[in-house]
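Data from upload-v9.txt: compact mmCIF, C-alpha atoms
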# COMPACT_ATOMS: atom_id res chain seq x y z
CA MET I 1 -11.28 29.57 9.31
CA ASN I 2 -14.26 29.04 6.99
CA GLU I 3 -17.62 28.77 8.75
CA SER I 4 -18.97 25.24 9.03
CA ARG I 5 -22.42 24.18 7.91
CA LEU I 6 -22.57 21.71 10.81
CA THR I 7 -23.34 22.73 14.36
CA GLY I 8 -21.89 19.60 15.98
CA PRO I 9 -20.78 17.81 17.96
CA VAL I 10 -19.85 15.05 15.51
CA ARG I 11 -18.95 11.61 16.86
CA VAL I 12 -16.49 9.60 14.75
CA VAL I 13 -16.35 5.88 15.51
CA GLY I 14 -13.18 4.27 14.19
CA VAL I 15 -10.10 6.46 13.80
CA GLY I 16 -8.23 4.80 10.97
CA LEU I 17 -7.34 6.77 7.85
CA LEU I 18 -10.89 7.88 7.02
CA GLY I 19 -12.04 8.51 10.58
CA ALA I 20 -8.93 10.47 11.50
CA SER I 21 -9.15 12.50 8.26
CA ILE I 22 -12.80 13.34 8.92
CA GLY I 23 -11.89 14.44 12.44
CA LEU I 24 -8.99 16.58 11.26
CA GLY I 25 -11.07 18.20 8.54
CA LEU I 26 -13.94 19.04 10.90
CA ARG I 27 -11.62 20.30 13.65
CA ALA I 28 -10.15 22.70 11.07
CA LYS I 29 -13.69 24.07 10.74
CA GLY I 30 -14.01 24.51 14.48
CA ILE I 31 -16.39 21.58 14.99
CA ASP I 32 -16.35 19.66 18.29
CA VAL I 33 -15.32 16.12 17.27
CA ILE I 34 -15.79 13.17 19.61
CA LEU I 35 -13.59 10.17 18.85
CA ALA I 36 -14.16 6.51 19.67
CA ASP I 37 -12.22 3.41 18.69
CA ALA I 38 -11.91 -0.20 19.83
CA SER I 39 -8.14 0.34 20.05
CA PRO I 40 -7.06 2.62 22.91
CA THR I 41 -3.73 3.15 21.12
CA HIS I 42 -5.38 4.30 17.89
CA LEU I 43 -7.66 6.57 19.87
CA ALA I 44 -4.77 8.14 21.79
CA ILE I 45 -2.79 8.73 18.57
CA ALA I 46 -5.77 10.36 16.83
CA VAL I 47 -6.36 12.63 19.84
CA ASP I 48 -2.67 13.58 19.96
CA TYR I 49 -2.77 14.45 16.26
CA GLY I 50 -5.70 16.81 16.86
CA ALA I 51 -8.47 14.82 15.17
CA GLY I 52 -10.81 15.27 18.15
CA ARG I 53 -11.32 14.47 21.82
CA PRO I 54 -12.27 11.30 23.70
CA ALA I 55 -15.94 10.69 24.49
CA GLU I 56 -17.34 12.04 27.74
CA PRO I 57 -20.51 11.17 29.69
CA GLY I 58 -23.42 13.26 28.51
CA ASP I 59 -22.14 13.79 24.95
CA ARG I 60 -25.08 14.41 22.59
CA PRO I 61 -23.73 14.34 19.02
CA GLN I 62 -25.65 15.88 16.16
CA LEU I 63 -24.12 13.37 13.75
CA VAL I 64 -22.37 10.00 14.16
CA VAL I 65 -19.95 8.83 11.44
CA VAL I 66 -19.08 5.13 11.60
CA CYS I 67 -15.67 4.34 10.06
CA VAL I 68 -15.09 0.67 10.89
CA PRO I 69 -14.37 -2.44 8.75
CA PRO I 70 -17.25 -3.58 6.50
CA ASP I 71 -17.95 -6.82 8.37
CA VAL I 72 -18.85 -4.95 11.58
CA THR I 73 -20.32 -1.77 10.09
CA ALA I 74 -23.98 -2.81 10.53
CA ASP I 75 -23.35 -3.88 14.14
CA VAL I 76 -21.74 -0.56 15.04
CA VAL I 77 -24.33 1.54 13.19
CA ALA I 78 -27.14 -0.29 15.03
CA ALA I 79 -25.42 0.26 18.37
CA GLU I 80 -24.90 3.98 17.66
CA LEU I 81 -28.55 4.42 16.63
CA ASP I 82 -29.59 2.91 19.97
CA ALA I 83 -27.04 4.85 22.05
CA PHE I 84 -27.82 8.26 20.56
CA PRO I 85 -31.55 8.42 19.74
CA GLU I 86 -31.39 12.09 18.69
CA ALA I 87 -28.44 11.74 16.31
CA ILE I 88 -28.25 11.14 12.58
CA VAL I 89 -25.96 8.17 11.84
CA THR I 90 -23.98 7.46 8.69
CA ASP I 91 -21.12 5.16 7.74
CA VAL I 92 -18.33 5.26 5.17
CA ALA I 93 -18.07 1.56 4.28
CA SER I 94 -17.26 0.80 0.66
CA VAL I 95 -20.34 -1.45 0.22
CA LYS I 96 -23.78 -0.03 0.90
CA LEU I 97 -26.58 -2.49 0.10
CA ALA I 98 -25.48 -5.24 2.50
CA VAL I 99 -25.31 -2.78 5.42
CA TYR I 100 -28.71 -1.28 4.57
CA ASP I 101 -30.36 -4.70 4.22
CA ASP I 102 -28.84 -5.88 7.52
CA LEU I 103 -30.11 -2.82 9.39
CA LYS I 104 -33.54 -3.13 7.82
CA ALA I 105 -33.75 -6.80 8.85
CA ARG I 106 -32.88 -5.82 12.43
CA GLY I 107 -35.65 -3.25 12.53
CA ALA I 108 -33.18 -0.40 13.05
CA ASP I 109 -34.43 3.18 12.87
CA LEU I 110 -33.68 3.89 9.21
CA SER I 111 -35.26 7.33 9.50
CA ARG I 112 -31.98 8.42 11.12
CA TYR I 113 -29.55 6.48 8.91
CA ILE I 114 -28.09 6.95 5.44
CA GLY I 115 -24.94 5.19 4.27
CA THR I 116 -22.24 7.13 2.46
CA HIS I 117 -18.93 6.35 0.77
CA PRO I 118 -16.11 8.84 0.15
CA MET I 119 -14.11 7.85 -2.92
CA ALA I 120 -10.80 8.78 -1.33
CA GLY I 121 -7.94 6.98 0.31
CA ARG I 122 -4.22 6.43 0.53
CA GLU I 123 -1.91 3.45 0.26
CA ARG I 124 -1.30 3.60 4.02
CA GLY I 125 -3.93 3.36 6.74
CA GLY I 126 -4.16 4.20 10.44
CA PRO I 127 -4.65 7.48 12.31
CA MET I 128 -1.13 8.71 11.55
CA SER I 129 -2.01 8.74 7.83
CA GLY I 130 -5.01 11.02 8.33
CA ARG I 131 -5.15 14.29 6.39
CA ALA I 132 -7.58 17.16 6.76
CA ASP I 133 -7.66 17.63 2.97
CA LEU I 134 -8.10 13.95 2.05
CA PHE I 135 -11.60 14.47 0.65
CA VAL I 136 -11.14 17.79 -1.14
CA GLY I 137 -12.48 17.53 -4.69
CA ARG I 138 -13.25 13.82 -4.33
CA PRO I 139 -16.68 12.26 -5.01
CA TRP I 140 -18.59 11.27 -1.86
CA VAL I 141 -21.60 9.06 -2.50
CA VAL I 142 -24.78 9.36 -0.46
CA ALA I 143 -26.70 6.08 -0.75
CA ALA I 144 -30.16 7.57 -0.39
CA HIS I 145 -33.25 5.57 0.54
CA GLY I 146 -36.89 6.47 1.06
CA GLY I 147 -36.85 6.07 4.83
CA MET I 148 -35.16 9.39 5.64
CA SER I 149 -36.37 12.87 4.73
CA TYR I 150 -34.09 15.29 2.91
CA GLN I 151 -34.31 17.71 5.84
CA ASP I 152 -33.24 15.08 8.36
CA GLY I 153 -30.36 14.02 6.16
CA SER I 154 -29.05 17.56 5.64
CA ALA I 155 -26.38 17.09 8.34
CA ILE I 156 -24.77 14.41 6.18
CA ASP I 157 -24.75 16.73 3.18
CA ASP I 158 -23.21 19.43 5.39
CA LEU I 159 -20.49 17.02 6.52
CA ILE I 160 -19.55 16.22 2.93
CA LEU I 161 -19.51 19.83 1.81
CA ASP I 162 -17.57 20.97 4.90
CA LEU I 163 -14.84 18.49 4.02
CA GLY I 164 -14.59 19.82 0.47
CA ALA I 165 -15.95 16.73 -1.27
CA THR I 166 -18.41 16.55 -4.16
CA LEU I 167 -21.76 15.03 -3.21
CA VAL I 168 -23.07 12.28 -5.49
CA GLU I 169 -26.48 10.73 -4.77
CA LEU I 170 -27.11 7.08 -5.73
CA THR I 171 -29.24 4.26 -4.42
CA PRO I 172 -27.40 1.53 -2.49
CA GLU I 173 -27.84 -0.80 -5.50
CA GLN I 174 -26.47 1.78 -7.93
CA HIS I 175 -23.51 2.48 -5.67
CA ASP I 176 -22.51 -1.16 -5.31
CA ALA I 177 -22.77 -1.78 -9.06
CA ALA I 178 -20.66 1.33 -9.74
CA VAL I 179 -17.85 0.54 -7.28
CA ALA I 180 -17.78 -3.07 -8.50
CA LEU I 181 -16.75 -1.73 -11.91
CA VAL I 182 -14.44 1.15 -10.99
CA SER I 183 -12.89 -0.14 -7.75
CA HIS I 184 -13.53 -3.76 -6.78
CA VAL I 185 -12.85 -5.50 -10.11
CA PRO I 186 -9.71 -3.38 -10.75
CA GLN I 187 -8.47 -4.55 -7.34
CA VAL I 188 -8.99 -8.20 -8.31
CA VAL I 189 -7.35 -7.78 -11.71
CA SER I 190 -4.42 -5.88 -10.21
CA SER I 191 -3.88 -8.50 -7.50
CA LEU I 192 -4.06 -11.44 -9.91
CA MET I 193 -1.63 -9.75 -12.29
CA ALA I 194 0.78 -9.01 -9.43
CA ARG I 195 0.56 -12.66 -8.39
CA ARG I 196 2.17 -13.57 -11.74
CA LEU I 197 5.30 -11.79 -10.49
CA ILE I 198 5.89 -14.24 -7.61
CA ASP I 199 7.63 -16.85 -9.73
CA ALA I 200 8.86 -14.52 -12.45
CA PRO I 201 12.61 -14.66 -13.21
CA HIS I 202 14.60 -11.97 -11.43
CA ALA I 203 15.78 -10.66 -14.80
CA SER I 204 12.17 -10.10 -15.88
CA VAL I 205 11.22 -8.22 -12.73
CA ASN I 206 14.27 -5.96 -13.17
CA LEU I 207 12.81 -4.83 -16.49
CA ALA I 208 9.61 -3.61 -14.83
CA GLY I 209 8.52 -0.25 -16.16
CA GLN I 210 5.57 2.04 -15.64
CA GLY I 211 3.10 -0.30 -17.35
CA ILE I 212 3.35 -3.11 -14.82
CA ARG I 213 3.56 -0.60 -11.97
CA ASP I 214 0.34 1.07 -13.12
CA VAL I 215 -1.51 -2.23 -13.40
CA THR I 216 -0.34 -3.58 -10.03
CA ARG I 217 -0.29 -0.40 -7.92
CA VAL I 218 -3.35 -1.27 -5.84
CA ALA I 219 -2.24 -4.89 -5.41
CA ALA I 220 -0.44 -3.80 -2.22
CA SER I 221 -3.82 -3.23 -0.51
CA ASP I 222 -4.83 -5.07 2.67
CA PRO I 223 -6.09 -8.59 1.73
CA GLU I 224 -8.17 -8.96 4.92
CA LEU I 225 -10.07 -5.75 4.22
CA TRP I 226 -10.65 -6.75 0.60
CA VAL I 227 -12.01 -10.17 1.55
CA GLN I 228 -14.65 -8.29 3.58
CA ILE I 229 -15.44 -5.85 0.77
CA LEU I 230 -15.66 -8.50 -1.94
CA GLY I 231 -17.71 -10.77 0.29
CA GLN I 232 -20.34 -8.04 0.68
CA ASN I 233 -20.40 -7.14 -3.01
CA ALA I 234 -19.74 -10.57 -4.51
CA GLU I 235 -22.44 -10.81 -7.19
CA PRO I 236 -21.86 -7.44 -8.94
CA VAL I 237 -18.11 -8.18 -8.96
CA ALA I 238 -18.61 -11.73 -10.23
CA GLU I 239 -20.90 -10.49 -13.01
CA ILE I 240 -18.27 -8.08 -14.32
CA LEU I 241 -15.52 -10.68 -13.99
CA ARG I 242 -17.57 -13.15 -16.03
CA GLY I 243 -17.73 -10.59 -18.85
CA TYR I 244 -14.01 -9.92 -18.44
CA ARG I 245 -13.36 -13.68 -18.64
CA ASP I 246 -15.27 -13.80 -21.92
CA ASP I 247 -13.13 -10.94 -23.24
CA LEU I 248 -9.97 -12.81 -22.24
CA ASP I 249 -11.17 -16.02 -23.87
CA ARG I 250 -11.76 -14.21 -27.17
CA PHE I 251 -8.38 -12.51 -26.95
CA ILE I 252 -6.54 -15.74 -26.11
CA ASP I 253 -8.28 -17.55 -28.96
CA ALA I 254 -7.15 -14.86 -31.39
CA LEU I 255 -3.56 -14.96 -30.09
CA GLU I 256 -3.42 -18.72 -30.43
CA ASN I 257 -4.66 -18.53 -34.02
CA MET I 258 -3.00 -15.35 -35.29
CA GLU I 259 -2.79 -16.69 -38.86
CA ALA I 260 -6.53 -17.36 -38.99
CA PRO I 261 -8.60 -14.91 -41.04
CA GLY I 262 -9.73 -11.96 -38.92
CA ALA I 263 -7.55 -12.80 -35.88
CA ARG I 264 -5.40 -9.69 -36.08
CA ARG I 265 -8.47 -7.55 -36.65
CA ARG I 266 -10.06 -9.05 -33.53
CA VAL I 267 -6.97 -8.22 -31.45
CA ALA I 268 -6.90 -4.69 -32.83
CA GLU I 269 -10.60 -4.15 -32.09
CA GLU I 270 -10.20 -5.35 -28.51
CA LEU I 271 -7.27 -2.99 -27.99
CA PHE I 272 -9.13 -0.12 -29.64
CA GLY I 273 -12.05 -0.84 -27.34
CA GLY I 274 -9.68 -0.15 -24.46
CA ASN I 275 -8.81 3.21 -26.02
CA THR I 276 -12.50 4.06 -26.26
CA GLY I 277 -13.21 2.99 -22.70
CA VAL I 278 -10.38 4.90 -21.08
CA GLU I 279 -11.46 8.08 -22.88
CA ARG I 280 -14.65 7.98 -20.79
CA LEU I 281 -12.72 8.35 -17.54
CA PRO I 282 -12.93 11.89 -16.20
CA GLY I 283 -9.60 13.65 -16.04
CA LYS I 284 -8.52 16.62 -14.00
CA HIS I 285 -11.45 18.38 -12.31
CA GLY I 286 -13.82 15.74 -13.68
CA VAL I 287 -13.42 16.88 -17.27
CA ASP I 288 -13.25 14.30 -20.07
CA ARG I 289 -10.07 15.37 -21.80
CA ARG I 290 -6.99 13.63 -23.15
CA TYR I 291 -3.54 15.02 -22.44
CA SER I 292 -0.24 14.73 -24.25
CA SER I 293 2.91 13.72 -22.43
CA LEU I 294 6.65 14.06 -22.63
CA ILE I 295 9.29 12.16 -20.66
CA VAL I 296 12.12 14.12 -19.07
CA MET I 297 15.30 12.49 -17.79
CA ILE I 298 16.26 13.69 -14.28
CA ASP I 299 19.52 13.15 -12.44
CA ASP I 300 18.82 11.26 -9.21
CA ARG I 301 20.02 13.94 -6.81
CA PRO I 302 18.33 16.50 -4.53
CA GLY I 303 16.63 19.54 -6.03
CA GLN I 304 16.25 18.29 -9.60
CA LEU I 305 12.50 17.70 -9.49
CA ALA I 306 11.92 21.15 -7.96
CA ARG I 307 14.05 22.71 -10.71
CA LEU I 308 12.01 20.86 -13.34
CA PHE I 309 8.72 22.12 -11.86
CA ASN I 310 10.08 25.66 -11.84
CA ASP I 311 11.19 25.45 -15.47
CA VAL I 312 7.82 24.04 -16.56
CA GLY I 313 6.09 26.95 -14.82
CA GLU I 314 8.40 29.52 -16.40
CA ALA I 315 7.63 27.96 -19.79
CA GLY I 316 3.97 28.82 -19.20
CA ALA I 317 2.75 25.21 -18.99
CA ASN I 318 0.61 23.56 -16.34
CA ILE I 319 1.36 20.00 -15.23
CA GLU I 320 -1.93 18.12 -15.53
CA ASP I 321 -0.47 14.84 -14.26
CA LEU I 322 2.93 13.47 -13.30
CA ARG I 323 4.44 9.98 -13.04
CA LEU I 324 7.94 9.17 -11.82
CA GLU I 325 10.03 6.10 -12.63
CA HIS I 326 13.62 5.16 -11.90
CA SER I 327 15.81 3.63 -14.58
CA PRO I 328 17.13 0.23 -13.37
CA GLY I 329 20.85 0.29 -12.63
CA ALA I 330 21.27 4.00 -13.38
CA GLN I 331 21.21 7.15 -11.24
CA ILE I 332 18.50 8.61 -13.42
CA GLY I 333 14.78 9.18 -13.01
CA LEU I 334 12.16 9.54 -15.71
CA ALA I 335 9.40 12.10 -15.20
CA GLU I 336 6.39 11.68 -17.49
CA ILE I 337 4.64 15.05 -17.62
CA SER I 338 1.09 15.32 -18.95
CA VAL I 339 0.12 18.67 -20.47
CA LEU I 340 -2.51 20.08 -22.78
CA PRO I 341 -1.86 18.83 -26.33
CA GLU I 342 -1.28 22.34 -27.65
CA MET I 343 1.51 22.85 -25.09
CA GLN I 344 3.49 19.68 -25.78
CA GLN I 345 5.83 20.91 -28.53
CA HIS I 346 6.33 24.31 -26.91
CA LEU I 347 7.25 22.74 -23.56
CA THR I 348 9.53 20.20 -25.23
CA ASP I 349 11.45 23.01 -26.97
CA GLU I 350 11.59 25.16 -23.81
CA LEU I 351 12.88 22.37 -21.59
CA ALA I 352 15.46 21.28 -24.17
CA ALA I 353 16.70 24.87 -24.37
CA ARG I 354 17.13 24.85 -20.58
CA GLY I 355 19.33 21.76 -20.76
CA TRP I 356 16.81 19.03 -19.94
CA ARG I 357 17.13 15.72 -21.77
CA ILE I 358 13.87 14.61 -23.37
CA ALA I 359 13.53 10.83 -23.65
CA GLY I 360 12.26 9.49 -26.96
Taking this structure as input, can you express it in the form of structure tokens?
Amino acid sequence: MNESRLTGPVRVVGVGLLGASIGLGLRAKGIDVILADASPTHLAIAVDYGAGRPAEPGDRPQLVVVCVPPDVTADVVAAELDAFPEAIVTDVASVKLAVYDDLKARGADLSRYIGTHPMAGRERGGPMSGRADLFVGRPWVVAAHGGMSYQDGSAIDDLILDLGATLVELTPEQHDAAVALVSHVPQVVSSLMARRLIDAPHASVNLAGQGIRDVTRVAASDPELWVQILGQNAEPVAEILRGYRDDLDRFIDALENMEAPGARRRVAEELFGGNTGVERLPGKHGVDRRYSSLIVMIDDRPGQLARLFNDVGEAGANIEDLRLEHSPGAQIGLAEISVLPEMQQHLTDELAARGWRIAG
């Protein structure tokens, strides 16, 4: 067991996915974790899974981590600041400025509060989805403000580092503008695109490939939660969407007048702009690097994916990313393997020699 930077105890309020994962990660470090939740059932499940213990009279936590829905985060943070006057309090809500402004307006003790936001999650929520390694290698934003000293806030830094995350310091305003672009607007776009599928002909939906699945993957997220998030970060999201609407208007105008001079060039430039933008996204380990891919056909039966991984390893290649897709109406899967560009041809030849069918 690696030694923890925290001394504890740590109180976690709200034992959904994030709260349970924080508890599991800290318990693995030997930290005494106190759990609290409005739902007795959620609390009992999280305790049974080993994320911590129920609260007891006389508990004096070093740190309180609030993991509740955004619309009640400020209420719970204020209550925890009052209940534990010696503790540092943080929260993990996905919007930071609204919570900070609310607490400031209440006259809360901001010298013991800093909001944070781990950029990690899963498609499923609840305490049963918690994982001790959920935050490993993921960015975790600390929304710093001038009301707390660095020394007082060190427990929050220790929490983040203990859980294996990468600490990123931003102001609340910077954080909300950033997540509007990289998280909140993509959620809106994904949901609106998925909505087009409701009345789509069955034959069209059966043709769905990886493109539509990539675009709509996050559309399965909880609408109630996202109404809360978007409501607290409405203006930054609306500003980006207005720019996106202008982009769409230009694109639609070009499509409707494709024979007009310059229309095809305009379409090409918009698409090329997408190429340029996606190249700025950090890849594996945060490194800006493009990978090459090859698509391998896999029989849909047990053991085939494991055999493919083994053959890739024996060929001396490292899988940088992997996407799986099933071919409609056939007992075949398609595995798109991303590798370093210099390995693509070598791996293609090696896998073909081992009997794998390479699509395309």
* Please determine the residues with any atom at most 8 Å from (-25.8, 3.8, 14.0) (coordinates as given in the file, with all atoms listed in the file counting) and report them as a PyMOL selection string. => chain I and resi 64+66+74+76-82+88-91+113
* Asked: atom CA of I:Glu256 to atom CA of I:Gly209: how many Å, to one decimal?
  ->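 Taking atom CA of I:Glu256 as the start and atom CA of I:Gly209 as the end point, the length is 26.2 Å.
Closest approach to I:Asp152 from the set I:Ala200, I:Met343, I:Leu167, I:Ile114 is made by I:Ile114, with distances taken over all atoms listed in the file.
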* Asked: If you measure from atom CA of I:Gln304 to atom CA of I:Ala335, what distance in Å do you get, rounded to one decimal?
  ->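 So the answer is 10.8 Å.
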* To do: Using atom CA of I:Cys67 and atom CA of I:Ser94 as the two end points, give the distance in Å to one decimal.
  => 10.2 Å
* Fewer than 2 positions away in the same chain doesn't count, so skip those; otherwise give me all residues within 12 Å of I:Glu270, counting only C-alpha atoms, as a ChimeraX atom specification. => /I:244,246-252,254-255,263-268,272-277
Selection file, C-alpha atoms, as a PDB file, keeping the file's coordinate frame:
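What ended up in out_31.pdb:
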ATOM      1  CA  TYR I 244     -14.010  -9.920 -18.440  1.00  0.00           C
ATOM      2  CA  ASP I 246     -15.270 -13.800 -21.920  1.00  0.00           C
ATOM      3  CA  ASP I 247     -13.130 -10.940 -23.240  1.00  0.00           C
ATOM      4  CA  LEU I 248      -9.970 -12.810 -22.240  1.00  0.00           C
ATOM      5  CA  ASP I 249     -11.170 -16.020 -23.870  1.00  0.00           C
ATOM      6  CA  ARG I 250     -11.760 -14.210 -27.170  1.00  0.00           C
ATOM      7  CA  PHE I 251      -8.380 -12.510 -26.950  1.00  0.00           C
ATOM      8  CA  ILE I 252      -6.540 -15.740 -26.110  1.00  0.00           C
ATOM      9  CA  ALA I 254      -7.150 -14.860 -31.390  1.00  0.00           C
ATOM     10  CA  LEU I 255      -3.560 -14.960 -30.090  1.00  0.00           C
ATOM     11  CA  ALA I 263      -7.550 -12.800 -35.880  1.00  0.00           C
ATOM     12  CA  ARG I 264      -5.400  -9.690 -36.080  1.00  0.00           C
ATOM     13  CA  ARG I 265      -8.470  -7.550 -36.650  1.00  0.00           C
ATOM     14  CA  ARG I 266     -10.060  -9.050 -33.530  1.00  0.00           C
ATOM     15  CA  VAL I 267      -6.970  -8.220 -31.450  1.00  0.00           C
ATOM     16  CA  ALA I 268      -6.900  -4.690 -32.830  1.00  0.00           C
ATOM     17  CA  PHE I 272      -9.130  -0.120 -29.640  1.00  0.00           C
ATOM     18  CA  GLY I 273     -12.050  -0.840 -27.340  1.00  0.00           C
ATOM     19  CA  GLY I 274      -9.680  -0.150 -24.460  1.00  0.00           C
ATOM     20  CA  ASN I 275      -8.810   3.210 -26.020  1.00  0.00           C
ATOM     21  CA  THR I 276     -12.500   4.060 -26.260  1.00  0.00           C
ATOM     22  CA  GLY I 277     -13.210   2.990 -22.700  1.00  0.00           C
TER      23      GLY I 277
END
* For I:Asp158, list every protein, DNA or RNA residue within 12 Å, evaluated using all atoms listed in the file, and leave out those in the same chain fewer than 5 positions away; present the list as an NGL selection string. => :I and (3-8 or 10 or 26 or 29 or 31 or 62-63 or 140 or 142 or 150-153 or 163-167)
Dump C-alpha atoms for the selected residues as a CSV table (one decimal), in the frame of the given file?
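Written out: result_6.csv:
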chain,number,residue,atom,x,y,z
I,3,GLU,CA,-17.6,28.8,8.8
I,4,SER,CA,-19.0,25.2,9.0
I,5,ARG,CA,-22.4,24.2,7.9
I,6,LEU,CA,-22.6,21.7,10.8
I,7,THR,CA,-23.3,22.7,14.4
I,8,GLY,CA,-21.9,19.6,16.0
I,10,VAL,CA,-19.8,15.0,15.5
I,26,LEU,CA,-13.9,19.0,10.9
I,29,LYS,CA,-13.7,24.1,10.7
I,31,ILE,CA,-16.4,21.6,15.0
I,62,GLN,CA,-25.6,15.9,16.2
I,63,LEU,CA,-24.1,13.4,13.8
I,140,TRP,CA,-18.6,11.3,-1.9
I,142,VAL,CA,-24.8,9.4,-0.5
I,150,TYR,CA,-34.1,15.3,2.9
I,151,GLN,CA,-34.3,17.7,5.8
I,152,ASP,CA,-33.2,15.1,8.4
I,153,GLY,CA,-30.4,14.0,6.2
I,163,LEU,CA,-14.8,18.5,4.0
I,164,GLY,CA,-14.6,19.8,0.5
I,165,ALA,CA,-16.0,16.7,-1.3
I,166,THR,CA,-18.4,16.6,-4.2
I,167,LEU,CA,-21.8,15.0,-3.2
* Near stretch 181-189 of chain I, within 10 Å and counting only C-alpha atoms, which residues show up once chain neighbours fewer than 4 positions away are dropped, as a PyMOL selection string? -> chain I and resi 94+119+176-177+193-195+215-221+226+229-230+233-234+236-241+244+281
* Structure fact -> I:Val296 proximity check over I:Ser129, I:Thr348, I:Asn257, I:Asn310, using all atoms listed in the file: winner is I:Thr348
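Using only C-alpha atoms for every distance, the candidate list I:Ala353, I:Leu308, I:Val12, I:Ala144 yields I:Ala144 as the residue closest to I:Leu97.
Here the question is which of I:Gly147, I:Pro341, I:Gly130, I:Gly211 gets nearest to I:Ile45 using all atoms listed in the file, and that residue is I:Gly130.
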Report as AutoDock Vina command-line options the centre and the edge lengths, in Å to one decimal, of the axis-aligned box holding every listed atom of stretch 211-225 of chain I, padded by 6 Å on each side.
--center_x -3.3 --center_y -3.9 --center_z -6.2 --size_x 25.6 --size_y 22.0 --size_z 34.3
* Counting all atoms listed in the file, what is within 7 Å of I:Ile298, bar same-chain residues fewer than 6 positions away, as a PyMOL selection string? -> chain I and resi 304+332-334
Within 10 Å of I:Asp75, counting all atoms listed in the file, which residues show up once you throw out same-chain ones fewer than 5 positions away? Write them as a short mmCIF file (atom, residue, chain, number, x, y, z; two decimals) with C-alpha atoms, in the coordinates of the input, please.
data_model
loop_
_atom_site.label_atom_id
_atom_site.label_comp_id
_atom_site.auth_asym_id
_atom_site.auth_seq_id
_atom_site.Cartn_x
_atom_site.Cartn_y
_atom_site.Cartn_z
CA VAL I 68 -15.09 0.67 10.89
CA PRO I 70 -17.25 -3.58 6.50
CA GLU I 80 -24.90 3.98 17.66
CA VAL I 99 -25.31 -2.78 5.42
CA ASP I 102 -28.84 -5.88 7.52
CA LEU I 103 -30.11 -2.82 9.39
CA ARG I 106 -32.88 -5.82 12.43
#
* Counting only C-alpha atoms, find the residues whose atoms lie at most 12 Å from (8.4, 15.3, -17.9) (file coordinates) and write them out as a PyMOL selection string. => chain I and resi 292-298+304-305+307-309+311-312+317-325+333-339+344+347-348+350-352+356-360
Coords for stretch 267-282 of chain I, C-alpha atoms, as an mmCIF file, in the first residue's frame:
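Resulting contents of decode32.cif:
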data_model
loop_
_atom_site.group_PDB
_atom_site.id
_atom_site.type_symbol
_atom_site.label_atom_id
_atom_site.label_comp_id
_atom_site.auth_asym_id
_atom_site.auth_seq_id
_atom_site.Cartn_x
_atom_site.Cartn_y
_atom_site.Cartn_z
ATOM 1 C CA VAL I 267 -17.242 23.278 -47.635
ATOM 2 C CA ALA I 268 -13.693 21.979 -47.941
ATOM 3 C CA GLU I 269 -12.316 24.737 -45.696
ATOM 4 C CA GLU I 270 -14.915 24.044 -43.017
ATOM 5 C CA LEU I 271 -14.073 20.336 -43.075
ATOM 6 C CA PHE I 272 -10.351 21.066 -43.043
ATOM 7 C CA GLY I 273 -10.937 23.328 -40.059
ATOM 8 C CA GLY I 274 -12.278 20.269 -38.271
ATOM 9 C CA ASN I 275 -9.066 18.410 -39.091
ATOM 10 C CA THR I 276 -7.037 21.254 -37.633
ATOM 11 C CA GLY I 277 -9.150 21.469 -34.505
ATOM 12 C CA VAL I 278 -9.102 17.773 -33.678
ATOM 13 C CA GLU I 279 -5.310 17.733 -33.995
ATOM 14 C CA ARG I 280 -5.189 19.998 -30.930
ATOM 15 C CA LEU I 281 -6.819 17.372 -28.728
ATOM 16 C CA PRO I 282 -4.265 15.641 -26.526
#
